[in-house]
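First comes the structure, then the notes that go with it.
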Amino acid sequence: MKEWYEKIKEAQSVETLEEIRISVFGKKGVLAAEFAKMKSAPNEEKSKIAKELNAHKSSLMNEFTARKITIQTMELQEAMKKESIDVSLFSTSSQAGALHPVMETMDKIVEYFSSMNFTVKTGGMIEDDFNNFEALNLPKYHPARDMQDTFYFKDEMLLRTHTSPVQIRTMMSTKPPIRMIAPGAVFRRDYDLTHTPMFHQIEGLLVDKKGKVSFANLKYILEDFLKYMFGDIEVRFRPSFFPFTEPSAEVDISCVFCEGSGCRVCSKTGWLEVLGCGIVDPNVFEAVNYKDVSGYAFGLGVERFAMLIHKIGDLRSLFEGDIKLLEQFQ
Ligand code: PHE
């Protein structure tokens with residue numbers, strides 16, 4: 001028996017210790033063998049032998065457990081020493097990723113309006129007819145619905161064609177005043193140089209007491225915003241039509257490619273259209289049960305902004321995941 005106490009004490013690894021455990025405590029181990037021998041011992045000695053053996057069994061077990069803990073602690077310390085990281089070493093060069101130009105542009109736009117105290121609101125991409133059209137003064141069969149080629153599901157559900165439903169949902173769930181923007185993906189059945197079936201818009205809505213919000217307020221903030229985005233450019237407002245705003249305008253900036261002298265991108269006009277806006281139509285306020293308020297709204301396409309900022313010719317290239325194109329924006 002004694003030798004086993006030594007062996008346990010000298011064991012250097014969990015594996016050796018495990019072998020010892022099997023040799024001592026296992027079914028075919030030394031303790032089992034000693035207990036078996038006891039059977040053939042004279043009866044009067046049996047209880048004495050059994051006592052002795054049981055005493056060995058428990059003290060061997062104590063030794064074993066103690067040694068196991070010691071070895072495990074040692075092994076852990078060893079591992080920690082080996083695996084520690086020298087943070088003062090130089091690293092090999094690593095490749096940094098970058099934001100997709102559309103997301104980067106979106107962030108910049110959100111940054112501007114956040115600084116002007118607009119809160120960011122979001123909504124679902126699957127919408128119902130009421131929030132996407134009806135409440136925005138676009139009743140069923142209204143010809144203006146054709147302005148946005150829609151993907152329909154069954155049961156009057158659809159993929160939102162613009163971020164304007166977020167204004168409706170926000171007004172339905174909160175009291176005025178409101179100062180919000182809604183960035184997000186929108187969907188239309190369109191595909192060419194300047195249109196993809198999915199693109200991103202940012203909607204803006206400001207609502208306050210009746211008489212407090214004017215077209216001049218809208219004009220001021222949009223001009224300031226466009227100069228923040230594009231630098232030294234000219235801005236002009238053109239009368240236009242949206243069912244949910246009256247009066248409505250489309251906003252142009254002087255062409256960033258030819259600085260207004262006329263080129264292929266601006267179709268020789270010197271101007272590029274960048275957003276739609278207007279004074280919220282009273283019918284919209286009626287649909288959401290808002291009384292004695294006035295407001296303005298605007299909406300813009302984020303991809304269009306990204307294309308103009310980075311001078312990208314084909315909108316579709318932004319969604320092809322072409323590493324060569326994307327690497328230019330690191
Ligand atoms: N929702 C309009 C569109 O997608 C943009 C817009 C928003 C125009 C708000 C005016 C006011 O074309």
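Chain labels A, B, ... are given in the sequence in which chains occur in the structure tokens; within each chain residues are numbered consecutively from 1, and ligands are likewise numbered from 1 in the order shown.
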Spatial neighbours of A:Gly260, 7 Å, only C-alpha atoms, chain gap at least 3 places, as a PyMOL selection string: chain A and resi 254-255+270-271
Using only C-alpha atoms and all ligand atoms, which residues have at least one atom no more than 10 Å from ligand 1? Output them as an mmCIF file with all heavy atoms, in the first residue's frame.
```cif
data_model
loop_
_atom_site.group_PDB
_atom_site.id
_atom_site.type_symbol
_atom_site.label_atom_id
_atom_site.label_comp_id
_atom_site.auth_asym_id
_atom_site.auth_seq_id
_atom_site.Cartn_x
_atom_site.Cartn_y
_atom_site.Cartn_z
ATOM 1 N N ASN A 132 -49.673 53.429 -45.864
ATOM 2 C CA ASN A 132 -48.817 53.758 -47.009
ATOM 3 C C ASN A 132 -49.498 54.720 -47.984
ATOM 4 O O ASN A 132 -48.844 55.518 -48.646
ATOM 5 C CB ASN A 132 -48.398 52.486 -47.742
ATOM 6 C CG ASN A 132 -47.223 52.715 -48.686
ATOM 7 O OD1 ASN A 132 -46.074 52.731 -48.276
ATOM 8 N ND2 ASN A 132 -47.517 52.925 -49.965
ATOM 9 N N PHE A 133 -50.843 54.630 -48.087
ATOM 10 C CA PHE A 133 -51.564 55.441 -49.082
ATOM 11 C C PHE A 133 -52.717 56.250 -48.508
ATOM 12 O O PHE A 133 -52.715 57.476 -48.549
ATOM 13 C CB PHE A 133 -52.106 54.525 -50.196
ATOM 14 C CG PHE A 133 -51.044 53.968 -51.105
ATOM 15 C CD1 PHE A 133 -50.986 52.604 -51.372
ATOM 16 C CD2 PHE A 133 -50.108 54.789 -51.710
ATOM 17 C CE1 PHE A 133 -50.006 52.086 -52.223
ATOM 18 C CE2 PHE A 133 -49.129 54.276 -52.560
ATOM 19 C CZ PHE A 133 -49.087 52.923 -52.817
ATOM 20 N N LEU A 136 -52.381 59.127 -46.296
ATOM 21 C CA LEU A 136 -51.538 60.157 -46.898
ATOM 22 C C LEU A 136 -52.282 60.860 -48.033
ATOM 23 O O LEU A 136 -51.663 61.356 -48.985
ATOM 24 C CB LEU A 136 -50.230 59.535 -47.401
ATOM 25 C CG LEU A 136 -49.261 59.139 -46.283
ATOM 26 C CD1 LEU A 136 -48.277 58.096 -46.768
ATOM 27 C CD2 LEU A 136 -48.503 60.365 -45.762
ATOM 28 N N MET A 147 -47.685 56.992 -59.257
ATOM 29 C CA MET A 147 -46.355 57.584 -59.114
ATOM 30 C C MET A 147 -45.406 56.565 -58.467
ATOM 31 O O MET A 147 -44.200 56.667 -58.593
ATOM 32 C CB MET A 147 -46.402 58.833 -58.218
ATOM 33 C CG MET A 147 -47.044 60.061 -58.879
ATOM 34 S SD MET A 147 -47.472 61.320 -57.642
ATOM 35 C CE MET A 147 -45.883 62.089 -57.358
ATOM 36 N N GLN A 148 -45.963 55.614 -57.738
ATOM 37 C CA GLN A 148 -45.130 54.637 -57.033
ATOM 38 C C GLN A 148 -45.603 53.229 -57.386
ATOM 39 O O GLN A 148 -46.646 52.798 -56.954
ATOM 40 C CB GLN A 148 -45.253 54.855 -55.517
ATOM 41 C CG GLN A 148 -44.920 56.278 -55.123
ATOM 42 C CD GLN A 148 -45.084 56.518 -53.637
ATOM 43 O OE1 GLN A 148 -45.566 55.671 -52.906
ATOM 44 N NE2 GLN A 148 -44.669 57.688 -53.199
ATOM 45 N N ARG A 160 -43.695 48.785 -48.288
ATOM 46 C CA ARG A 160 -43.850 50.245 -48.295
ATOM 47 C C ARG A 160 -43.091 50.857 -49.461
ATOM 48 O O ARG A 160 -41.967 50.465 -49.768
ATOM 49 C CB ARG A 160 -43.405 50.842 -46.961
ATOM 50 C CG ARG A 160 -41.919 50.719 -46.695
ATOM 51 C CD ARG A 160 -41.555 51.453 -45.406
ATOM 52 N NE ARG A 160 -40.129 51.298 -45.116
ATOM 53 C CZ ARG A 160 -39.580 51.534 -43.933
ATOM 54 N NH1 ARG A 160 -40.334 51.926 -42.920
ATOM 55 N NH2 ARG A 160 -38.289 51.392 -43.751
ATOM 56 N N THR A 161 -43.748 51.814 -50.134
ATOM 57 C CA THR A 161 -43.148 52.431 -51.318
ATOM 58 C C THR A 161 -42.388 53.692 -50.948
ATOM 59 O O THR A 161 -41.692 54.266 -51.766
ATOM 60 C CB THR A 161 -44.241 52.815 -52.327
ATOM 61 O OG1 THR A 161 -45.205 53.629 -51.653
ATOM 62 C CG2 THR A 161 -44.928 51.584 -52.868
ATOM 63 N N HIS A 162 -42.561 54.143 -49.711
ATOM 64 C CA HIS A 162 -41.831 55.323 -49.223
ATOM 65 C C HIS A 162 -41.815 55.267 -47.688
ATOM 66 O O HIS A 162 -42.445 54.396 -47.092
ATOM 67 C CB HIS A 162 -42.445 56.636 -49.732
ATOM 68 C CG HIS A 162 -43.942 56.743 -49.563
ATOM 69 N ND1 HIS A 162 -44.664 57.830 -49.997
ATOM 70 C CD2 HIS A 162 -44.855 55.912 -49.010
ATOM 71 C CE1 HIS A 162 -45.941 57.654 -49.727
ATOM 72 N NE2 HIS A 162 -46.074 56.505 -49.123
ATOM 73 N N THR A 163 -41.056 56.168 -47.061
ATOM 74 C CA THR A 163 -41.002 56.153 -45.594
ATOM 75 C C THR A 163 -42.115 57.011 -44.989
ATOM 76 O O THR A 163 -42.214 57.111 -43.762
ATOM 77 C CB THR A 163 -39.617 56.624 -45.091
ATOM 78 O OG1 THR A 163 -39.148 57.683 -45.925
ATOM 79 C CG2 THR A 163 -38.610 55.495 -45.117
ATOM 80 N N SER A 164 -42.975 57.572 -45.852
ATOM 81 C CA SER A 164 -44.056 58.409 -45.328
ATOM 82 C C SER A 164 -45.005 57.690 -44.352
ATOM 83 O O SER A 164 -45.543 58.338 -43.444
ATOM 84 C CB SER A 164 -44.846 59.031 -46.477
ATOM 85 O OG SER A 164 -43.973 59.718 -47.342
ATOM 86 N N PRO A 165 -45.254 56.361 -44.484
ATOM 87 C CA PRO A 165 -46.115 55.724 -43.481
ATOM 88 C C PRO A 165 -45.599 55.882 -42.051
ATOM 89 O O PRO A 165 -46.388 55.835 -41.106
ATOM 90 C CB PRO A 165 -46.150 54.243 -43.896
ATOM 91 C CG PRO A 165 -45.126 54.061 -44.952
ATOM 92 C CD PRO A 165 -44.947 55.408 -45.576
ATOM 93 N N GLN A 167 -44.521 58.623 -40.787
ATOM 94 C CA GLN A 167 -45.123 59.851 -40.226
ATOM 95 C C GLN A 167 -46.530 59.570 -39.713
ATOM 96 O O GLN A 167 -46.917 60.048 -38.645
ATOM 97 C CB GLN A 167 -45.207 61.048 -41.148
ATOM 98 C CG GLN A 167 -44.882 61.007 -42.583
ATOM 99 C CD GLN A 167 -45.426 62.291 -43.254
ATOM 100 O OE1 GLN A 167 -46.460 62.827 -42.876
ATOM 101 N NE2 GLN A 167 -44.698 62.796 -44.231
ATOM 102 N N VAL A 186 -37.102 51.154 -48.744
ATOM 103 C CA VAL A 186 -38.412 51.202 -49.390
ATOM 104 C C VAL A 186 -38.336 50.421 -50.705
ATOM 105 O O VAL A 186 -37.245 50.115 -51.181
ATOM 106 C CB VAL A 186 -38.868 52.656 -49.647
ATOM 107 C CG1 VAL A 186 -38.944 53.429 -48.356
ATOM 108 C CG2 VAL A 186 -37.935 53.350 -50.624
ATOM 109 N N ARG A 188 -39.944 49.571 -54.753
ATOM 110 C CA ARG A 188 -40.787 49.901 -55.899
ATOM 111 C C ARG A 188 -40.410 49.024 -57.081
ATOM 112 O O ARG A 188 -39.252 48.612 -57.215
ATOM 113 C CB ARG A 188 -40.607 51.377 -56.294
ATOM 114 C CG ARG A 188 -41.173 52.306 -55.262
ATOM 115 C CD ARG A 188 -41.088 53.743 -55.705
ATOM 116 N NE ARG A 188 -41.227 54.619 -54.546
ATOM 117 C CZ ARG A 188 -41.181 55.938 -54.589
ATOM 118 N NH1 ARG A 188 -41.019 56.537 -55.753
ATOM 119 N NH2 ARG A 188 -41.307 56.655 -53.501
ATOM 120 N N HIS A 200 -33.191 53.354 -50.238
ATOM 121 C CA HIS A 200 -33.411 53.930 -48.909
ATOM 122 C C HIS A 200 -33.893 55.371 -49.002
ATOM 123 O O HIS A 200 -33.436 56.124 -49.845
ATOM 124 C CB HIS A 200 -32.125 53.878 -48.088
ATOM 125 C CG HIS A 200 -31.655 52.485 -47.839
ATOM 126 N ND1 HIS A 200 -30.911 51.783 -48.755
ATOM 127 C CD2 HIS A 200 -31.855 51.652 -46.795
ATOM 128 C CE1 HIS A 200 -30.664 50.571 -48.280
ATOM 129 N NE2 HIS A 200 -31.223 50.463 -47.094
ATOM 130 N N GLN A 201 -34.800 55.691 -48.104
ATOM 131 C CA GLN A 201 -35.278 57.073 -48.043
ATOM 132 C C GLN A 201 -35.095 57.622 -46.634
ATOM 133 O O GLN A 201 -34.983 56.864 -45.678
ATOM 134 C CB GLN A 201 -36.780 57.123 -48.342
ATOM 135 C CG GLN A 201 -37.147 57.038 -49.802
ATOM 136 C CD GLN A 201 -38.602 57.401 -50.037
ATOM 137 O OE1 GLN A 201 -39.436 57.262 -49.145
ATOM 138 N NE2 GLN A 201 -38.917 57.843 -51.237
ATOM 139 N N ILE A 202 -35.108 58.921 -46.535
ATOM 140 C CA ILE A 202 -35.247 59.549 -45.227
ATOM 141 C C ILE A 202 -36.395 60.537 -45.322
ATOM 142 O O ILE A 202 -36.451 61.371 -46.223
ATOM 143 C CB ILE A 202 -33.942 60.237 -44.770
ATOM 144 C CG1 ILE A 202 -32.889 59.155 -44.527
ATOM 145 C CG2 ILE A 202 -34.182 61.059 -43.510
ATOM 146 C CD1 ILE A 202 -31.620 59.633 -43.884
ATOM 147 N N GLU A 203 -37.317 60.355 -44.418
ATOM 148 C CA GLU A 203 -38.511 61.188 -44.366
ATOM 149 C C GLU A 203 -38.325 62.178 -43.225
ATOM 150 O O GLU A 203 -37.750 61.831 -42.204
ATOM 151 C CB GLU A 203 -39.683 60.254 -44.017
ATOM 152 C CG GLU A 203 -41.015 60.913 -43.966
ATOM 153 C CD GLU A 203 -41.641 60.907 -45.348
ATOM 154 O OE1 GLU A 203 -41.051 60.320 -46.275
ATOM 155 O OE2 GLU A 203 -42.714 61.492 -45.488
ATOM 156 N N GLY A 204 -38.815 63.386 -43.395
ATOM 157 C CA GLY A 204 -38.774 64.328 -42.283
ATOM 158 C C GLY A 204 -40.164 64.882 -42.045
ATOM 159 O O GLY A 204 -40.927 65.091 -42.998
ATOM 160 N N LEU A 205 -40.506 65.087 -40.789
ATOM 161 C CA LEU A 205 -41.814 65.672 -40.479
ATOM 162 C C LEU A 205 -41.679 66.583 -39.274
ATOM 163 O O LEU A 205 -41.080 66.208 -38.262
ATOM 164 C CB LEU A 205 -42.832 64.568 -40.164
ATOM 165 C CG LEU A 205 -44.204 65.057 -39.654
ATOM 166 C CD1 LEU A 205 -45.008 65.692 -40.782
ATOM 167 C CD2 LEU A 205 -44.993 63.913 -39.024
ATOM 168 N N SER A 240 -44.307 71.570 -57.352
ATOM 169 C CA SER A 240 -44.515 70.188 -57.769
ATOM 170 C C SER A 240 -45.805 69.670 -57.148
ATOM 171 O O SER A 240 -46.586 70.449 -56.588
ATOM 172 C CB SER A 240 -43.319 69.343 -57.342
ATOM 173 O OG SER A 240 -43.455 68.025 -57.805
ATOM 174 N N PHE A 241 -46.013 68.371 -57.233
ATOM 175 C CA PHE A 241 -47.221 67.817 -56.617
ATOM 176 C C PHE A 241 -46.921 66.550 -55.821
ATOM 177 O O PHE A 241 -46.240 65.648 -56.303
ATOM 178 C CB PHE A 241 -48.271 67.475 -57.683
ATOM 179 C CG PHE A 241 -49.414 66.692 -57.115
ATOM 180 C CD1 PHE A 241 -50.423 67.335 -56.399
ATOM 181 C CD2 PHE A 241 -49.471 65.295 -57.223
ATOM 182 C CE1 PHE A 241 -51.464 66.613 -55.832
ATOM 183 C CE2 PHE A 241 -50.518 64.569 -56.654
ATOM 184 C CZ PHE A 241 -51.508 65.228 -55.966
ATOM 185 N N PHE A 242 -47.373 66.522 -54.576
ATOM 186 C CA PHE A 242 -47.466 65.288 -53.794
ATOM 187 C C PHE A 242 -48.838 65.301 -53.146
ATOM 188 O O PHE A 242 -49.281 66.367 -52.704
ATOM 189 C CB PHE A 242 -46.380 65.218 -52.708
ATOM 190 C CG PHE A 242 -44.984 65.183 -53.262
ATOM 191 C CD1 PHE A 242 -44.185 66.316 -53.228
ATOM 192 C CD2 PHE A 242 -44.473 64.018 -53.818
ATOM 193 C CE1 PHE A 242 -42.899 66.300 -53.756
ATOM 194 C CE2 PHE A 242 -43.187 63.993 -54.340
ATOM 195 C CZ PHE A 242 -42.395 65.132 -54.311
ATOM 196 N N PRO A 243 -49.492 64.148 -53.092
ATOM 197 C CA PRO A 243 -50.851 64.139 -52.537
ATOM 198 C C PRO A 243 -50.882 64.555 -51.062
ATOM 199 O O PRO A 243 -51.879 65.088 -50.593
ATOM 200 C CB PRO A 243 -51.276 62.671 -52.668
ATOM 201 C CG PRO A 243 -50.326 62.056 -53.638
ATOM 202 C CD PRO A 243 -49.060 62.823 -53.531
ATOM 203 N N PHE A 244 -49.790 64.312 -50.357
ATOM 204 C CA PHE A 244 -49.792 64.555 -48.906
ATOM 205 C C PHE A 244 -49.276 65.918 -48.496
ATOM 206 O O PHE A 244 -49.217 66.240 -47.315
ATOM 207 C CB PHE A 244 -49.003 63.454 -48.177
ATOM 208 C CG PHE A 244 -47.952 62.805 -49.054
ATOM 209 C CD1 PHE A 244 -46.673 63.323 -49.158
ATOM 210 C CD2 PHE A 244 -48.278 61.668 -49.795
ATOM 211 C CE1 PHE A 244 -45.729 62.720 -49.978
ATOM 212 C CE2 PHE A 244 -47.335 61.061 -50.620
ATOM 213 C CZ PHE A 244 -46.055 61.577 -50.719
ATOM 214 N N THR A 245 -48.849 66.726 -49.480
ATOM 215 C CA THR A 245 -48.407 68.085 -49.131
ATOM 216 C C THR A 245 -49.064 69.090 -50.078
ATOM 217 O O THR A 245 -49.323 68.794 -51.226
ATOM 218 C CB THR A 245 -46.870 68.216 -49.252
ATOM 219 O OG1 THR A 245 -46.446 67.640 -50.472
ATOM 220 C CG2 THR A 245 -46.159 67.561 -48.085
ATOM 221 N N GLU A 246 -49.311 70.278 -49.561
ATOM 222 C CA GLU A 246 -49.898 71.349 -50.374
ATOM 223 C C GLU A 246 -49.589 72.693 -49.739
ATOM 224 O O GLU A 246 -50.028 72.929 -48.626
ATOM 225 C CB GLU A 246 -51.411 71.129 -50.500
ATOM 226 C CG GLU A 246 -52.119 72.152 -51.360
ATOM 227 C CD GLU A 246 -51.602 72.173 -52.804
ATOM 228 O OE1 GLU A 246 -51.270 71.088 -53.321
ATOM 229 O OE2 GLU A 246 -51.512 73.269 -53.373
ATOM 230 N N PRO A 247 -48.829 73.568 -50.335
ATOM 231 C CA PRO A 247 -48.147 73.372 -51.605
ATOM 232 C C PRO A 247 -46.978 72.381 -51.499
ATOM 233 O O PRO A 247 -46.475 72.131 -50.408
ATOM 234 C CB PRO A 247 -47.625 74.778 -51.931
ATOM 235 C CG PRO A 247 -47.456 75.431 -50.597
ATOM 236 C CD PRO A 247 -48.557 74.885 -49.741
ATOM 237 N N SER A 248 -46.580 71.868 -52.666
ATOM 238 C CA SER A 248 -45.457 70.931 -52.710
ATOM 239 C C SER A 248 -44.347 71.500 -53.579
ATOM 240 O O SER A 248 -44.602 72.323 -54.457
ATOM 241 C CB SER A 248 -45.888 69.600 -53.330
ATOM 242 O OG SER A 248 -47.018 69.077 -52.684
ATOM 243 N N ALA A 249 -43.133 71.029 -53.324
ATOM 244 C CA ALA A 249 -42.019 71.478 -54.160
ATOM 245 C C ALA A 249 -41.022 70.348 -54.333
ATOM 246 O O ALA A 249 -40.916 69.459 -53.486
ATOM 247 C CB ALA A 249 -41.320 72.672 -53.521
ATOM 248 N N GLU A 250 -40.308 70.396 -55.446
ATOM 249 C CA GLU A 250 -39.144 69.547 -55.608
ATOM 250 C C GLU A 250 -37.938 70.454 -55.491
ATOM 251 O O GLU A 250 -37.985 71.617 -55.887
ATOM 252 C CB GLU A 250 -39.179 68.812 -56.947
ATOM 253 C CG GLU A 250 -39.962 67.513 -56.812
ATOM 254 C CD GLU A 250 -40.229 66.834 -58.140
ATOM 255 O OE1 GLU A 250 -40.427 67.515 -59.149
ATOM 256 O OE2 GLU A 250 -40.237 65.606 -58.146
ATOM 257 N N LEU A 275 -34.703 66.248 -53.700
ATOM 258 C CA LEU A 275 -35.733 65.844 -52.736
ATOM 259 C C LEU A 275 -37.102 66.444 -53.007
ATOM 260 O O LEU A 275 -37.251 67.373 -53.804
ATOM 261 C CB LEU A 275 -35.302 66.097 -51.284
ATOM 262 C CG LEU A 275 -34.829 67.458 -50.791
ATOM 263 C CD1 LEU A 275 -36.012 68.335 -50.453
ATOM 264 C CD2 LEU A 275 -33.997 67.267 -49.542
ATOM 265 N N GLY A 276 -38.103 65.866 -52.337
ATOM 266 C CA GLY A 276 -39.465 66.364 -52.439
ATOM 267 C C GLY A 276 -39.913 66.864 -51.077
ATOM 268 O O GLY A 276 -39.479 66.344 -50.050
ATOM 269 N N CYS A 277 -40.783 67.903 -51.086
ATOM 270 C CA CYS A 277 -41.172 68.442 -49.792
ATOM 271 C C CYS A 277 -42.464 69.246 -49.922
ATOM 272 O O CYS A 277 -42.993 69.432 -51.024
ATOM 273 C CB CYS A 277 -40.082 69.350 -49.247
ATOM 274 S SG CYS A 277 -39.807 70.804 -50.278
ATOM 275 N N GLY A 278 -42.961 69.734 -48.807
ATOM 276 C CA GLY A 278 -44.140 70.583 -48.862
ATOM 277 C C GLY A 278 -44.744 70.803 -47.485
ATOM 278 O O GLY A 278 -44.239 70.306 -46.477
ATOM 279 N N ILE A 279 -45.824 71.557 -47.485
ATOM 280 C CA ILE A 279 -46.584 71.818 -46.262
ATOM 281 C C ILE A 279 -47.636 70.706 -46.132
ATOM 282 O O ILE A 279 -48.343 70.415 -47.104
ATOM 283 C CB ILE A 279 -47.266 73.206 -46.349
ATOM 284 C CG1 ILE A 279 -46.198 74.316 -46.419
ATOM 285 C CG2 ILE A 279 -48.238 73.434 -45.201
ATOM 286 C CD1 ILE A 279 -45.310 74.431 -45.178
ATOM 287 N N VAL A 280 -47.690 70.079 -44.969
ATOM 288 C CA VAL A 280 -48.561 68.908 -44.790
ATOM 289 C C VAL A 280 -50.019 69.243 -45.153
ATOM 290 O O VAL A 280 -50.576 70.238 -44.666
ATOM 291 C CB VAL A 280 -48.475 68.386 -43.339
ATOM 292 C CG1 VAL A 280 -49.387 67.157 -43.167
ATOM 293 C CG2 VAL A 280 -47.035 68.023 -42.978
ATOM 294 N N ASP A 281 -50.607 68.424 -46.007
ATOM 295 C CA ASP A 281 -51.984 68.635 -46.460
ATOM 296 C C ASP A 281 -52.955 68.439 -45.285
ATOM 297 O O ASP A 281 -52.809 67.486 -44.508
ATOM 298 C CB ASP A 281 -52.293 67.624 -47.573
ATOM 299 C CG ASP A 281 -53.585 67.960 -48.305
ATOM 300 O OD1 ASP A 281 -54.667 67.827 -47.699
ATOM 301 O OD2 ASP A 281 -53.491 68.343 -49.487
ATOM 302 N N TYR A 296 -44.540 70.771 -41.826
ATOM 303 C CA TYR A 296 -43.927 70.511 -43.131
ATOM 304 C C TYR A 296 -43.361 69.099 -43.159
ATOM 305 O O TYR A 296 -43.149 68.482 -42.115
ATOM 306 C CB TYR A 296 -42.863 71.562 -43.486
ATOM 307 C CG TYR A 296 -41.622 71.625 -42.616
ATOM 308 C CD1 TYR A 296 -40.738 70.555 -42.525
ATOM 309 C CD2 TYR A 296 -41.300 72.808 -41.927
ATOM 310 C CE1 TYR A 296 -39.574 70.644 -41.759
ATOM 311 C CE2 TYR A 296 -40.147 72.901 -41.165
ATOM 312 C CZ TYR A 296 -39.284 71.810 -41.078
ATOM 313 O OH TYR A 296 -38.160 71.899 -40.324
ATOM 314 N N ALA A 297 -43.161 68.579 -44.383
ATOM 315 C CA ALA A 297 -42.603 67.240 -44.550
ATOM 316 C C ALA A 297 -41.681 67.243 -45.750
ATOM 317 O O ALA A 297 -41.820 68.068 -46.657
ATOM 318 C CB ALA A 297 -43.715 66.223 -44.750
ATOM 319 N N PHE A 298 -40.721 66.334 -45.709
ATOM 320 C CA PHE A 298 -39.850 66.180 -46.878
ATOM 321 C C PHE A 298 -39.389 64.733 -46.957
ATOM 322 O O PHE A 298 -39.473 63.992 -45.987
ATOM 323 C CB PHE A 298 -38.639 67.130 -46.786
ATOM 324 C CG PHE A 298 -37.817 66.938 -45.542
ATOM 325 C CD1 PHE A 298 -36.789 66.014 -45.492
ATOM 326 C CD2 PHE A 298 -38.084 67.704 -44.402
ATOM 327 C CE1 PHE A 298 -36.048 65.853 -44.329
ATOM 328 C CE2 PHE A 298 -37.337 67.539 -43.239
ATOM 329 C CZ PHE A 298 -36.315 66.610 -43.199
ATOM 330 N N GLY A 299 -38.984 64.337 -48.158
ATOM 331 C CA GLY A 299 -38.496 62.975 -48.335
ATOM 332 C C GLY A 299 -37.384 62.964 -49.360
ATOM 333 O O GLY A 299 -37.412 63.723 -50.326
ATOM 334 N N LEU A 300 -36.385 62.115 -49.114
ATOM 335 C CA LEU A 300 -35.260 62.073 -50.058
ATOM 336 C C LEU A 300 -34.744 60.653 -50.209
ATOM 337 O O LEU A 300 -34.931 59.811 -49.337
ATOM 338 C CB LEU A 300 -34.139 63.000 -49.576
ATOM 339 C CG LEU A 300 -33.489 62.700 -48.229
ATOM 340 C CD1 LEU A 300 -32.308 61.759 -48.378
ATOM 341 C CD2 LEU A 300 -33.051 63.995 -47.561
ATOM 342 N N GLY A 301 -34.093 60.401 -51.348
ATOM 343 C CA GLY A 301 -33.498 59.089 -51.604
ATOM 344 C C GLY A 301 -32.028 59.098 -51.212
ATOM 345 O O GLY A 301 -31.254 59.905 -51.714
#
```
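For the set A:Phe285, A:Phe319, A:Phe35, A:Phe329, the residue with the smallest atom-to-atom gap to A:Asp208 is A:Phe285, counting only C-alpha atoms.
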All helix (DSSP H, G or I) residues (DSSP, backbone) inside stretch 46-130 of chain A, as a ChimeraX atom specification: /A:46-83,101-115,129-130
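Contact shell of A:Leu226 at 12 Å (only C-alpha atoms; same-chain neighbours under 5 positions omitted): A:Lys108, A:Ile109, A:Tyr112, A:Phe113, A:Lys219, A:Tyr220, A:Ile221, A:Gly231, A:Asp232, A:Ile233, A:Glu234, A:Val235, A:Arg236, A:Val251, A:Asp252, A:Ile253, A:Ser254, A:Val256, A:Glu273, A:Val274, A:Leu275, A:Leu300, A:Phe305, A:Leu308, A:Ile309.
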Who sits within 7 Å of A:Met157, only C-alpha atoms, same chain under 4 positions skipped, as a VMD selection string: chain A and resid 126 to 129 152 to 153
N, CA, C and O atoms of the current selection, written as a compact mmCIF listing (two decimals), in the first residue's frame:
```txt
# COMPACT_ATOMS: atom_id res chain seq x y z
N ILE A 126 -43.12 46.01 -44.24
CA ILE A 126 -44.42 45.56 -44.74
C ILE A 126 -45.48 46.48 -44.13
O ILE A 126 -45.53 46.65 -42.91
N GLU A 127 -46.26 47.09 -44.99
CA GLU A 127 -47.22 48.08 -44.51
C GLU A 127 -48.62 47.72 -44.98
O GLU A 127 -48.80 46.86 -45.86
N ASP A 128 -49.61 48.41 -44.43
CA ASP A 128 -50.95 48.23 -44.96
C ASP A 128 -51.32 49.44 -45.83
O ASP A 128 -50.63 50.46 -45.84
N ASP A 129 -52.40 49.26 -46.55
CA ASP A 129 -52.83 50.27 -47.50
C ASP A 129 -53.12 51.61 -46.81
O ASP A 129 -52.80 52.67 -47.33
N TYR A 152 -47.45 44.35 -54.17
CA TYR A 152 -48.58 44.04 -53.28
C TYR A 152 -48.52 42.60 -52.76
O TYR A 152 -48.08 41.70 -53.45
N PHE A 153 -48.98 42.41 -51.52
CA PHE A 153 -49.26 41.08 -51.00
C PHE A 153 -50.77 40.90 -51.05
O PHE A 153 -51.49 41.79 -51.50
```
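Using only C-alpha atoms, the smallest distance between any of A:Met172, A:Ala55, A:His100, A:Lys48 and A:Asp322 comes from A:His100.
When only C-alpha atoms are used to compute distances to A:Asp149, the closest of the residues A:Ile312, A:Ala98, A:Val213, A:Met198 turns out to be A:Met198.
Those residues of stretch 143-196 of chain A that DSSP, working from the backbone, places in strand (DSSP E or B) are A:Tyr152, A:Met157, A:Leu158, A:Leu159, A:Ile178, A:Arg179, A:Met180, A:Ile181, A:Ala182, A:Pro183, A:Gly184, A:Ala185, A:Val186, A:Phe187, A:Asp192, A:His195.
Remark: for A:Phe215, the closest of the candidate residues A:Asn289, A:Thr196, A:Thr65, A:Ser294 is A:Ser294 (distances computed over only C-alpha atoms).
Proximity to A:Pro176 was assessed for A:Ala66, A:Leu222, A:Val265, A:Leu206 counting only C-alpha atoms; the smallest distance is recorded for A:Leu206.
Going from atom CA of A:Met74 over to atom CA of A:Ile8, you cover 15.4 Å.
One finds atom CA of A:Tyr5 at 27.8 Å from atom CA of A:Pro42.
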Spatial neighbours of A:Val14, 7 Å, only C-alpha atoms, chain gap at least 4 places, as a ChimeraX atom specification: /A:18,68,71
